[in-house]
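Engineer: I am sharing protein-v4.pdb, which consists of PDB, N, CA, C and O atoms:
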ATOM      1  N   MET B 244       0.845  -1.168   0.000
ATOM      2  CA  MET B 244       0.000   0.000   0.000
ATOM      3  C   MET B 244       0.895   1.236   0.000
ATOM      4  O   MET B 244       1.842   1.336   0.755
ATOM      5  N   SER B 245       0.593   2.162  -0.863
ATOM      6  CA  SER B 245       1.385   3.387  -0.925
ATOM      7  C   SER B 245       0.898   4.379   0.133
ATOM      8  O   SER B 245      -0.265   4.378   0.528
ATOM      9  N   GLN B 246       1.810   5.196   0.577
ATOM     10  CA  GLN B 246       1.485   6.203   1.572
ATOM     11  C   GLN B 246       1.266   7.540   0.887
ATOM     12  O   GLN B 246       1.988   7.897  -0.040
ATOM     13  N   GLN B 247       0.252   8.264   1.326
ATOM     14  CA  GLN B 247      -0.024   9.583   0.783
ATOM     15  C   GLN B 247      -0.021  10.584   1.917
ATOM     16  O   GLN B 247      -0.404  10.275   3.041
ATOM     17  N   GLU B 248       0.405  11.776   1.608
ATOM     18  CA  GLU B 248       0.440  12.835   2.598
ATOM     19  C   GLU B 248      -0.549  13.912   2.198
ATOM     20  O   GLU B 248      -0.640  14.286   1.031
ATOM     21  N   PHE B 249      -1.312  14.388   3.165
ATOM     22  CA  PHE B 249      -2.299  15.430   2.914
ATOM     23  C   PHE B 249      -1.959  16.638   3.767
ATOM     24  O   PHE B 249      -1.552  16.508   4.910
ATOM     25  N   GLN B 250      -2.159  17.786   3.171
ATOM     26  CA  GLN B 250      -1.989  19.028   3.908
ATOM     27  C   GLN B 250      -3.209  19.892   3.660
ATOM     28  O   GLN B 250      -3.795  19.859   2.581
ATOM     29  N   PHE B 251      -3.599  20.636   4.660
ATOM     30  CA  PHE B 251      -4.720  21.541   4.493
ATOM     31  C   PHE B 251      -4.544  22.723   5.432
ATOM     32  O   PHE B 251      -3.751  22.686   6.368
ATOM     33  N   SER B 252      -5.285  23.758   5.139
ATOM     34  CA  SER B 252      -5.320  24.913   6.024
ATOM     35  C   SER B 252      -6.781  25.285   6.222
ATOM     36  O   SER B 252      -7.651  24.888   5.454
ATOM     37  N   TYR B 253      -7.045  26.025   7.258
ATOM     38  CA  TYR B 253      -8.410  26.440   7.514
ATOM     39  C   TYR B 253      -8.421  27.816   8.163
ATOM     40  O   TYR B 253      -7.425  28.273   8.711
ATOM     41  N   THR B 254      -9.571  28.458   8.072
ATOM     42  CA  THR B 254      -9.800  29.738   8.714
ATOM     43  C   THR B 254     -10.979  29.579   9.657
ATOM     44  O   THR B 254     -12.019  29.056   9.257
ATOM     45  N   PHE B 255     -10.813  29.980  10.885
ATOM     46  CA  PHE B 255     -11.885  29.886  11.863
ATOM     47  C   PHE B 255     -12.828  31.063  11.688
ATOM     48  O   PHE B 255     -12.408  32.219  11.714
ATOM     49  N   LEU B 256     -14.109  30.771  11.476
ATOM     50  CA  LEU B 256     -15.133  31.800  11.334
ATOM     51  C   LEU B 256     -16.111  31.668  12.496
ATOM     52  O   LEU B 256     -16.386  30.567  12.957
ATOM     53  N   THR B 257     -16.639  32.775  12.938
ATOM     54  CA  THR B 257     -17.585  32.726  14.050
ATOM     55  C   THR B 257     -19.018  32.484  13.580
ATOM     56  O   THR B 257     -19.866  32.103  14.370
ATOM     57  N   HIS B 258     -19.281  32.681  12.300
ATOM     58  CA  HIS B 258     -20.625  32.457  11.768
ATOM     59  C   HIS B 258     -20.507  32.101  10.294
ATOM     60  O   HIS B 258     -19.657  32.628   9.578
ATOM     61  N   TRP B 259     -21.399  31.222   9.837
ATOM     62  CA  TRP B 259     -21.302  30.783   8.443
ATOM     63  C   TRP B 259     -21.614  31.907   7.458
ATOM     64  O   TRP B 259     -21.251  31.822   6.289
ATOM     65  N   HIS B 260     -22.233  32.970   7.897
ATOM     66  CA  HIS B 260     -22.487  34.104   7.001
ATOM     67  C   HIS B 260     -21.197  34.831   6.602
ATOM     68  O   HIS B 260     -21.206  35.665   5.714
ATOM     69  N   GLN B 261     -20.091  34.523   7.263
ATOM     70  CA  GLN B 261     -18.802  35.107   6.901
ATOM     71  C   GLN B 261     -18.180  34.411   5.684
ATOM     72  O   GLN B 261     -17.172  34.876   5.158
ATOM     73  N   LEU B 262     -18.787  33.329   5.233
ATOM     74  CA  LEU B 262     -18.306  32.641   4.036
ATOM     75  C   LEU B 262     -18.599  33.476   2.797
ATOM     76  O   LEU B 262     -19.523  34.295   2.789
ATOM     77  N   ASP B 263     -17.849  33.206   1.726
ATOM     78  CA  ASP B 263     -18.168  33.894   0.476
ATOM     79  C   ASP B 263     -19.480  33.331  -0.088
ATOM     80  O   ASP B 263     -19.999  32.325   0.387
ATOM     81  N   ALA B 264     -20.015  33.987  -1.081
ATOM     82  CA  ALA B 264     -21.339  33.640  -1.613
ATOM     83  C   ALA B 264     -21.418  32.202  -2.106
ATOM     84  O   ALA B 264     -22.417  31.513  -1.879
ATOM     85  N   ALA B 265     -20.364  31.716  -2.759
ATOM     86  CA  ALA B 265     -20.378  30.346  -3.289
ATOM     87  C   ALA B 265     -20.438  29.329  -2.151
ATOM     88  O   ALA B 265     -21.181  28.341  -2.226
ATOM     89  N   ASP B 266     -19.675  29.566  -1.095
ATOM     90  CA  ASP B 266     -19.683  28.640   0.038
ATOM     91  C   ASP B 266     -20.985  28.736   0.834
ATOM     92  O   ASP B 266     -21.482  27.734   1.346
ATOM     93  N   GLN B 267     -21.560  29.931   0.907
ATOM     94  CA  GLN B 267     -22.860  30.072   1.555
ATOM     95  C   GLN B 267     -23.917  29.267   0.801
ATOM     96  O   GLN B 267     -24.792  28.654   1.403
ATOM     97  N   HIS B 268     -23.809  29.261  -0.518
ATOM     98  CA  HIS B 268     -24.745  28.479  -1.338
ATOM     99  C   HIS B 268     -24.596  26.984  -1.028
ATOM    100  O   HIS B 268     -25.603  26.267  -0.942
ATOM    101  N   LEU B 269     -23.370  26.510  -0.834
ATOM    102  CA  LEU B 269     -23.164  25.104  -0.476
ATOM    103  C   LEU B 269     -23.795  24.788   0.878
ATOM    104  O   LEU B 269     -24.391  23.720   1.056
ATOM    105  N   VAL B 270     -23.669  25.699   1.827
ATOM    106  CA  VAL B 270     -24.297  25.503   3.137
ATOM    107  C   VAL B 270     -25.814  25.444   2.977
ATOM    108  O   VAL B 270     -26.482  24.582   3.564
ATOM    109  N   ASP B 271     -26.367  26.331   2.176
ATOM    110  CA  ASP B 271     -27.812  26.323   1.929
ATOM    111  C   ASP B 271     -28.253  24.991   1.314
ATOM    112  O   ASP B 271     -29.286  24.433   1.700
ATOM    113  N   GLN B 272     -27.471  24.487   0.358
ATOM    114  CA  GLN B 272     -27.800  23.218  -0.279
ATOM    115  C   GLN B 272     -27.717  22.055   0.717
ATOM    116  O   GLN B 272     -28.536  21.135   0.686
ATOM    117  N   ALA B 273     -26.735  22.092   1.603
ATOM    118  CA  ALA B 273     -26.613  21.054   2.636
ATOM    119  C   ALA B 273     -27.805  21.116   3.589
ATOM    120  O   ALA B 273     -28.328  20.072   4.010
ATOM    121  N   ASN B 274     -28.244  22.314   3.928
ATOM    122  CA  ASN B 274     -29.420  22.454   4.794
ATOM    123  C   ASN B 274     -30.675  21.905   4.120
ATOM    124  O   ASN B 274     -31.504  21.264   4.765
ATOM    125  N   LEU B 275     -30.826  22.137   2.823
ATOM    126  CA  LEU B 275     -31.957  21.568   2.092
ATOM    127  C   LEU B 275     -31.885  20.047   2.075
ATOM    128  O   LEU B 275     -32.902  19.365   2.238
ATOM    129  N   ALA B 276     -30.692  19.514   1.883
ATOM    130  CA  ALA B 276     -30.522  18.058   1.890
ATOM    131  C   ALA B 276     -30.851  17.497   3.267
ATOM    132  O   ALA B 276     -31.459  16.420   3.377
ATOM    133  N   MET B 277     -30.479  18.202   4.318
ATOM    134  CA  MET B 277     -30.744  17.741   5.678
ATOM    135  C   MET B 277     -32.243  17.597   5.926
ATOM    136  O   MET B 277     -32.687  16.712   6.653
ATOM    137  N   GLN B 278     -33.040  18.449   5.302
ATOM    138  CA  GLN B 278     -34.489  18.370   5.461
ATOM    139  C   GLN B 278     -35.054  17.080   4.875
ATOM    140  O   GLN B 278     -36.155  16.660   5.225
ATOM    141  N   LYS B 279     -34.295  16.428   3.986
ATOM    142  CA  LYS B 279     -34.726  15.174   3.378
ATOM    143  C   LYS B 279     -34.186  13.959   4.127
ATOM    144  O   LYS B 279     -34.429  12.823   3.737
ATOM    145  N   ALA B 280     -33.451  14.190   5.201
ATOM    146  CA  ALA B 280     -32.883  13.088   5.973
ATOM    147  C   ALA B 280     -34.002  12.300   6.653
ATOM    148  O   ALA B 280     -35.050  12.836   6.997
ATOM    149  N   TYR B 281     -33.747  11.004   6.845
ATOM    150  CA  TYR B 281     -34.677  10.128   7.542
ATOM    151  C   TYR B 281     -33.931   9.524   8.717
ATOM    152  O   TYR B 281     -33.074   8.652   8.548
ATOM    153  N   ALA B 282     -34.215  10.039   9.914
ATOM    154  CA  ALA B 282     -33.475   9.612  11.102
ATOM    155  C   ALA B 282     -34.420   9.365  12.277
ATOM    156  O   ALA B 282     -34.334  10.027  13.312
ATOM    157  N   PRO B 283     -35.328   8.382  12.146
ATOM    158  CA  PRO B 283     -36.296   8.152  13.219
ATOM    159  C   PRO B 283     -35.678   7.526  14.477
ATOM    160  O   PRO B 283     -36.276   7.599  15.550
ATOM    161  N   TYR B 284     -34.514   6.936  14.367
ATOM    162  CA  TYR B 284     -33.896   6.258  15.509
ATOM    163  C   TYR B 284     -32.934   7.167  16.262
ATOM    164  O   TYR B 284     -33.003   7.282  17.481
ATOM    165  N   SER B 285     -32.043   7.808  15.558
ATOM    166  CA  SER B 285     -31.065   8.679  16.216
ATOM    167  C   SER B 285     -31.593  10.103  16.379
ATOM    168  O   SER B 285     -31.113  10.847  17.214
ATOM    169  N   ASN B 286     -32.565  10.462  15.541
ATOM    170  CA  ASN B 286     -33.074  11.838  15.491
ATOM    171  C   ASN B 286     -31.940  12.831  15.230
ATOM    172  O   ASN B 286     -31.971  13.966  15.690
ATOM    173  N   PHE B 287     -30.936  12.378  14.485
ATOM    174  CA  PHE B 287     -29.775  13.209  14.147
ATOM    175  C   PHE B 287     -29.710  13.311  12.632
ATOM    176  O   PHE B 287     -29.209  12.424  11.949
ATOM    177  N   LYS B 288     -30.253  14.374  12.109
ATOM    178  CA  LYS B 288     -30.325  14.559  10.662
ATOM    179  C   LYS B 288     -29.045  15.200  10.149
ATOM    180  O   LYS B 288     -28.536  16.145  10.741
ATOM    181  N   VAL B 289     -28.563  14.676   9.021
ATOM    182  CA  VAL B 289     -27.318  15.150   8.430
ATOM    183  C   VAL B 289     -27.552  15.454   6.961
ATOM    184  O   VAL B 289     -28.171  14.670   6.249
ATOM    185  N   GLY B 290     -27.041  16.588   6.508
ATOM    186  CA  GLY B 290     -27.063  16.935   5.098
ATOM    187  C   GLY B 290     -25.672  17.360   4.674
ATOM    188  O   GLY B 290     -24.908  17.894   5.483
ATOM    189  N   ALA B 291     -25.332  17.098   3.437
ATOM    190  CA  ALA B 291     -24.004  17.449   2.930
ATOM    191  C   ALA B 291     -24.123  17.899   1.482
ATOM    192  O   ALA B 291     -25.034  17.501   0.759
ATOM    193  N   SER B 292     -23.173  18.745   1.085
ATOM    194  CA  SER B 292     -23.095  19.160  -0.315
ATOM    195  C   SER B 292     -21.630  19.293  -0.690
ATOM    196  O   SER B 292     -20.795  19.637   0.151
ATOM    197  N   VAL B 293     -21.358  18.998  -1.950
ATOM    198  CA  VAL B 293     -19.983  19.102  -2.447
ATOM    199  C   VAL B 293     -20.030  19.752  -3.829
ATOM    200  O   VAL B 293     -20.923  19.484  -4.629
ATOM    201  N   LEU B 294     -19.081  20.629  -4.078
ATOM    202  CA  LEU B 294     -18.975  21.310  -5.362
ATOM    203  C   LEU B 294     -17.917  20.599  -6.198
ATOM    204  O   LEU B 294     -16.757  20.510  -5.798
ATOM    205  N   LEU B 295     -18.325  20.086  -7.355
ATOM    206  CA  LEU B 295     -17.400  19.401  -8.253
ATOM    207  C   LEU B 295     -16.638  20.399  -9.115
ATOM    208  O   LEU B 295     -17.049  21.556  -9.252
ATOM    209  N   GLU B 296     -15.561  19.945  -9.695
ATOM    210  CA  GLU B 296     -14.743  20.817 -10.555
ATOM    211  C   GLU B 296     -15.532  21.392 -11.720
ATOM    212  O   GLU B 296     -15.254  22.488 -12.177
ATOM    213  N   ASN B 297     -16.541  20.641 -12.207
ATOM    214  CA  ASN B 297     -17.325  21.111 -13.354
ATOM    215  C   ASN B 297     -18.453  22.066 -12.941
ATOM    216  O   ASN B 297     -19.261  22.467 -13.759
ATOM    217  N   GLY B 298     -18.525  22.416 -11.634
ATOM    218  CA  GLY B 298     -19.524  23.349 -11.157
ATOM    219  C   GLY B 298     -20.799  22.708 -10.641
ATOM    220  O   GLY B 298     -21.652  23.384 -10.070
ATOM    221  N   GLN B 299     -20.938  21.401 -10.846
ATOM    222  CA  GLN B 299     -22.127  20.696 -10.366
ATOM    223  C   GLN B 299     -22.057  20.521  -8.853
ATOM    224  O   GLN B 299     -20.991  20.267  -8.290
ATOM    225  N   ILE B 300     -23.205  20.640  -8.195
ATOM    226  CA  ILE B 300     -23.293  20.423  -6.754
ATOM    227  C   ILE B 300     -24.026  19.111  -6.509
ATOM    228  O   ILE B 300     -25.126  18.886  -7.045
ATOM    229  N   ILE B 301     -23.425  18.246  -5.714
ATOM    230  CA  ILE B 301     -24.015  16.969  -5.336
ATOM    231  C   ILE B 301     -24.390  17.062  -3.864
ATOM    232  O   ILE B 301     -23.602  17.508  -3.036
ATOM    233  N   CYS B 302     -25.616  16.668  -3.542
ATOM    234  CA  CYS B 302     -26.104  16.732  -2.159
ATOM    235  C   CYS B 302     -26.528  15.344  -1.708
ATOM    236  O   CYS B 302     -26.891  14.492  -2.506
ATOM    237  N   GLY B 303     -26.494  15.144  -0.390
ATOM    238  CA  GLY B 303     -26.946  13.874   0.174
ATOM    239  C   GLY B 303     -27.339  14.052   1.618
ATOM    240  O   GLY B 303     -27.032  15.074   2.251
ATOM    241  N   SER B 304     -28.019  13.054   2.144
ATOM    242  CA  SER B 304     -28.452  13.077   3.542
ATOM    243  C   SER B 304     -28.456  11.654   4.084
ATOM    244  O   SER B 304     -28.449  10.686   3.327
ATOM    245  N   ASN B 305     -28.489  11.548   5.420
ATOM    246  CA  ASN B 305     -28.530  10.218   6.013
ATOM    247  C   ASN B 305     -29.943   9.639   5.909
ATOM    248  O   ASN B 305     -30.932  10.349   5.965
ATOM    249  N   GLN B 306     -29.979   8.335   5.722
ATOM    250  CA  GLN B 306     -31.230   7.594   5.609
ATOM    251  C   GLN B 306     -31.105   6.345   6.476
ATOM    252  O   GLN B 306     -30.465   5.371   6.071
ATOM    253  N   GLU B 307     -31.670   6.378   7.674
ATOM    254  CA  GLU B 307     -31.531   5.255   8.596
ATOM    255  C   GLU B 307     -32.470   4.116   8.215
ATOM    256  O   GLU B 307     -33.515   4.329   7.634
ATOM    257  N   ASN B 308     -32.037   2.925   8.591
ATOM    258  CA  ASN B 308     -32.816   1.724   8.343
ATOM    259  C   ASN B 308     -32.643   0.809   9.536
ATOM    260  O   ASN B 308     -31.632   0.838  10.209
ATOM    261  N   VAL B 309     -33.618  -0.019   9.775
ATOM    262  CA  VAL B 309     -33.544  -0.931  10.931
ATOM    263  C   VAL B 309     -32.427  -1.921  10.765
ATOM    264  O   VAL B 309     -32.141  -2.486   9.820
TER
END
Produce structure tokens that represent the structure in this file.
Structural biologist:
Amino acid sequence: MSQQEFQFSYTFLTHWHQLDAADQHLVDQANLAMQKAYAPYSNFKVGASVLLENGQIICGSNQENV
């Protein structure tokens, strides 16, 4: 197995409204996806969104099952 190294940086923000418009849109899309979550057991709804290189946004949410 080959080893890979990852590096990242981050900026701490006190509120998501401090994000730029494109990132705020991703947060909005994740919130919409969260509304479609099905979590009757944990009652912990999760939504996510990712921006692809081609500009497409993919969203998803958790869907619990017995």
Engineer: Going by the chain IDs and residue numbers used in this file, which residues fall under the PyMOL selection byres ((chain B and resi 304) around 8)? Write them as an NGL selection string.
Structural biologist: :B and (273 or 275-281 or 287-292 or 302-303 or 305-307)
Engineer: Could you work out an axis-aligned box for range 264-268 of chain B, taking every atom the file lists and adding 5 Å on each side, and report centre and edge lengths in Å to one decimal, as AutoDock Vina command-line options?
Structural biologist:
--center_x -22.6 --center_y 30.1 --center_z -0.9 --size_x 15.9 --size_y 17.7 --size_z 14.8
Engineer: Would you please give, as JSON, numbers by chain, all residues of chain B that DSSP assigns to strand (DSSP E) based on the backbone?
Structural biologist: {"B": [290, 291, 292, 293, 294, 300, 301, 302, 303, 304]}
Engineer: What's the separation between CA of Ile300 in chain B and CA of Asn286 in chain B, in Å to one decimal place?
Structural biologist: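 If I compute the distance from CA of Ile300 in chain B to CA of Asn286 in chain B, I get 25.8 Å.
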Engineer: So, counting all atoms listed in the file, which residue among B:Ala264, B:Leu269, B:Asn274, B:Ala282 is closest to Leu294 in chain B?
Structural biologist: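 Going through B:Ala264, B:Leu269, B:Asn274, B:Ala282 one by one, the smallest distance to Leu294 in chain B is for B:Leu269.
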Engineer: What's the separation between CA of Phe255 in chain B and CA of Gln272 in chain B, in Å to one decimal place?
Structural biologist: 21.1 Å
Engineer: Could you pull out the helix (DSSP H, G or I) residues of chain B, going by DSSP on the backbone, and write them as a list in words?
Structural biologist: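 Written out, the helix (DSSP H, G or I) residues of chain B are Trp259, His260, Gln261, Ala264, Ala265, Asp266, Gln267, His268, Leu269, Val270, Asp271, Gln272, Ala273, Asn274, Leu275, Ala276 and Met277 of chain B.
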Engineer: CA of His268 in chain B to atom N of Tyr253 in chain B: how many Å, to one decimal?
Structural biologist: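 Straight-line distance from CA of His268 in chain B to atom N of Tyr253 in chain B works out to 19.8 Å.
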Engineer: Go through B:Met244, B:Tyr284, B:Ser252, B:Gly298 and flag the residue nearest Ala265 in chain B, using only C-alpha atoms for the distances.
Structural biologist: B:Gly298
Engineer: Can you take the partial range 273-284 of chain B, add all heavy atoms, and return it as an mmCIF file, in the coordinates of the input?
Structural biologist:
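Dumped everything to out14.cif:
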data_model
loop_
_atom_site.group_PDB
_atom_site.id
_atom_site.type_symbol
_atom_site.label_atom_id
_atom_site.label_comp_id
_atom_site.auth_asym_id
_atom_site.auth_seq_id
_atom_site.Cartn_x
_atom_site.Cartn_y
_atom_site.Cartn_z
ATOM 1 N N ALA B 273 -26.735 22.092 1.603
ATOM 2 C CA ALA B 273 -26.613 21.054 2.636
ATOM 3 C C ALA B 273 -27.805 21.116 3.589
ATOM 4 O O ALA B 273 -28.328 20.072 4.010
ATOM 5 C CB ALA B 273 -25.304 21.213 3.395
ATOM 6 N N ASN B 274 -28.244 22.314 3.928
ATOM 7 C CA ASN B 274 -29.420 22.454 4.794
ATOM 8 C C ASN B 274 -30.675 21.905 4.120
ATOM 9 O O ASN B 274 -31.504 21.264 4.765
ATOM 10 C CB ASN B 274 -29.636 23.912 5.195
ATOM 11 C CG ASN B 274 -28.701 24.350 6.299
ATOM 12 O OD1 ASN B 274 -28.332 23.549 7.159
ATOM 13 N ND2 ASN B 274 -28.319 25.605 6.291
ATOM 14 N N LEU B 275 -30.826 22.137 2.823
ATOM 15 C CA LEU B 275 -31.957 21.568 2.092
ATOM 16 C C LEU B 275 -31.885 20.047 2.075
ATOM 17 O O LEU B 275 -32.902 19.365 2.238
ATOM 18 C CB LEU B 275 -31.989 22.115 0.660
ATOM 19 C CG LEU B 275 -32.397 23.571 0.497
ATOM 20 C CD1 LEU B 275 -32.230 24.021 -0.954
ATOM 21 C CD2 LEU B 275 -33.836 23.780 0.962
ATOM 22 N N ALA B 276 -30.692 19.514 1.883
ATOM 23 C CA ALA B 276 -30.522 18.058 1.890
ATOM 24 C C ALA B 276 -30.851 17.497 3.267
ATOM 25 O O ALA B 276 -31.459 16.420 3.377
ATOM 26 C CB ALA B 276 -29.097 17.688 1.487
ATOM 27 N N MET B 277 -30.479 18.202 4.318
ATOM 28 C CA MET B 277 -30.744 17.741 5.678
ATOM 29 C C MET B 277 -32.243 17.597 5.926
ATOM 30 O O MET B 277 -32.687 16.712 6.653
ATOM 31 C CB MET B 277 -30.129 18.708 6.693
ATOM 32 C CG MET B 277 -30.271 18.253 8.127
ATOM 33 S SD MET B 277 -29.445 19.336 9.300
ATOM 34 C CE MET B 277 -30.304 20.876 9.046
ATOM 35 N N GLN B 278 -33.040 18.449 5.302
ATOM 36 C CA GLN B 278 -34.489 18.370 5.461
ATOM 37 C C GLN B 278 -35.054 17.080 4.875
ATOM 38 O O GLN B 278 -36.155 16.660 5.225
ATOM 39 C CB GLN B 278 -35.155 19.583 4.820
ATOM 40 C CG GLN B 278 -34.826 20.883 5.527
ATOM 41 C CD GLN B 278 -35.369 22.094 4.791
ATOM 42 O OE1 GLN B 278 -36.250 21.996 3.945
ATOM 43 N NE2 GLN B 278 -34.824 23.264 5.112
ATOM 44 N N LYS B 279 -34.295 16.428 3.986
ATOM 45 C CA LYS B 279 -34.726 15.174 3.378
ATOM 46 C C LYS B 279 -34.186 13.959 4.127
ATOM 47 O O LYS B 279 -34.429 12.823 3.737
ATOM 48 C CB LYS B 279 -34.277 15.125 1.918
ATOM 49 C CG LYS B 279 -34.899 16.211 1.065
ATOM 50 C CD LYS B 279 -34.370 16.170 -0.348
ATOM 51 C CE LYS B 279 -34.942 17.313 -1.168
ATOM 52 N NZ LYS B 279 -34.382 17.347 -2.520
ATOM 53 N N ALA B 280 -33.451 14.190 5.201
ATOM 54 C CA ALA B 280 -32.883 13.088 5.973
ATOM 55 C C ALA B 280 -34.002 12.300 6.653
ATOM 56 O O ALA B 280 -35.050 12.836 6.997
ATOM 57 C CB ALA B 280 -31.909 13.619 7.017
ATOM 58 N N TYR B 281 -33.747 11.004 6.845
ATOM 59 C CA TYR B 281 -34.677 10.128 7.542
ATOM 60 C C TYR B 281 -33.931 9.524 8.717
ATOM 61 O O TYR B 281 -33.074 8.652 8.548
ATOM 62 C CB TYR B 281 -35.185 9.036 6.588
ATOM 63 C CG TYR B 281 -36.139 8.073 7.221
ATOM 64 C CD1 TYR B 281 -37.418 8.486 7.594
ATOM 65 C CD2 TYR B 281 -35.781 6.757 7.449
ATOM 66 C CE1 TYR B 281 -38.311 7.609 8.176
ATOM 67 C CE2 TYR B 281 -36.665 5.868 8.030
ATOM 68 C CZ TYR B 281 -37.930 6.300 8.391
ATOM 69 O OH TYR B 281 -38.808 5.423 8.970
ATOM 70 N N ALA B 282 -34.215 10.039 9.914
ATOM 71 C CA ALA B 282 -33.475 9.612 11.102
ATOM 72 C C ALA B 282 -34.420 9.365 12.277
ATOM 73 O O ALA B 282 -34.334 10.027 13.312
ATOM 74 C CB ALA B 282 -32.437 10.667 11.453
ATOM 75 N N PRO B 283 -35.328 8.382 12.146
ATOM 76 C CA PRO B 283 -36.296 8.152 13.219
ATOM 77 C C PRO B 283 -35.678 7.526 14.477
ATOM 78 O O PRO B 283 -36.276 7.599 15.550
ATOM 79 C CB PRO B 283 -37.310 7.201 12.582
ATOM 80 C CG PRO B 283 -36.512 6.459 11.561
ATOM 81 C CD PRO B 283 -35.523 7.467 11.031
ATOM 82 N N TYR B 284 -34.514 6.936 14.367
ATOM 83 C CA TYR B 284 -33.896 6.258 15.509
ATOM 84 C C TYR B 284 -32.934 7.167 16.262
ATOM 85 O O TYR B 284 -33.003 7.282 17.481
ATOM 86 C CB TYR B 284 -33.192 4.981 15.050
ATOM 87 C CG TYR B 284 -34.121 4.095 14.251
ATOM 88 C CD1 TYR B 284 -34.005 3.989 12.875
ATOM 89 C CD2 TYR B 284 -35.156 3.416 14.877
ATOM 90 C CE1 TYR B 284 -34.884 3.210 12.132
ATOM 91 C CE2 TYR B 284 -36.052 2.646 14.152
ATOM 92 C CZ TYR B 284 -35.908 2.544 12.782
ATOM 93 O OH TYR B 284 -36.780 1.792 12.071
#
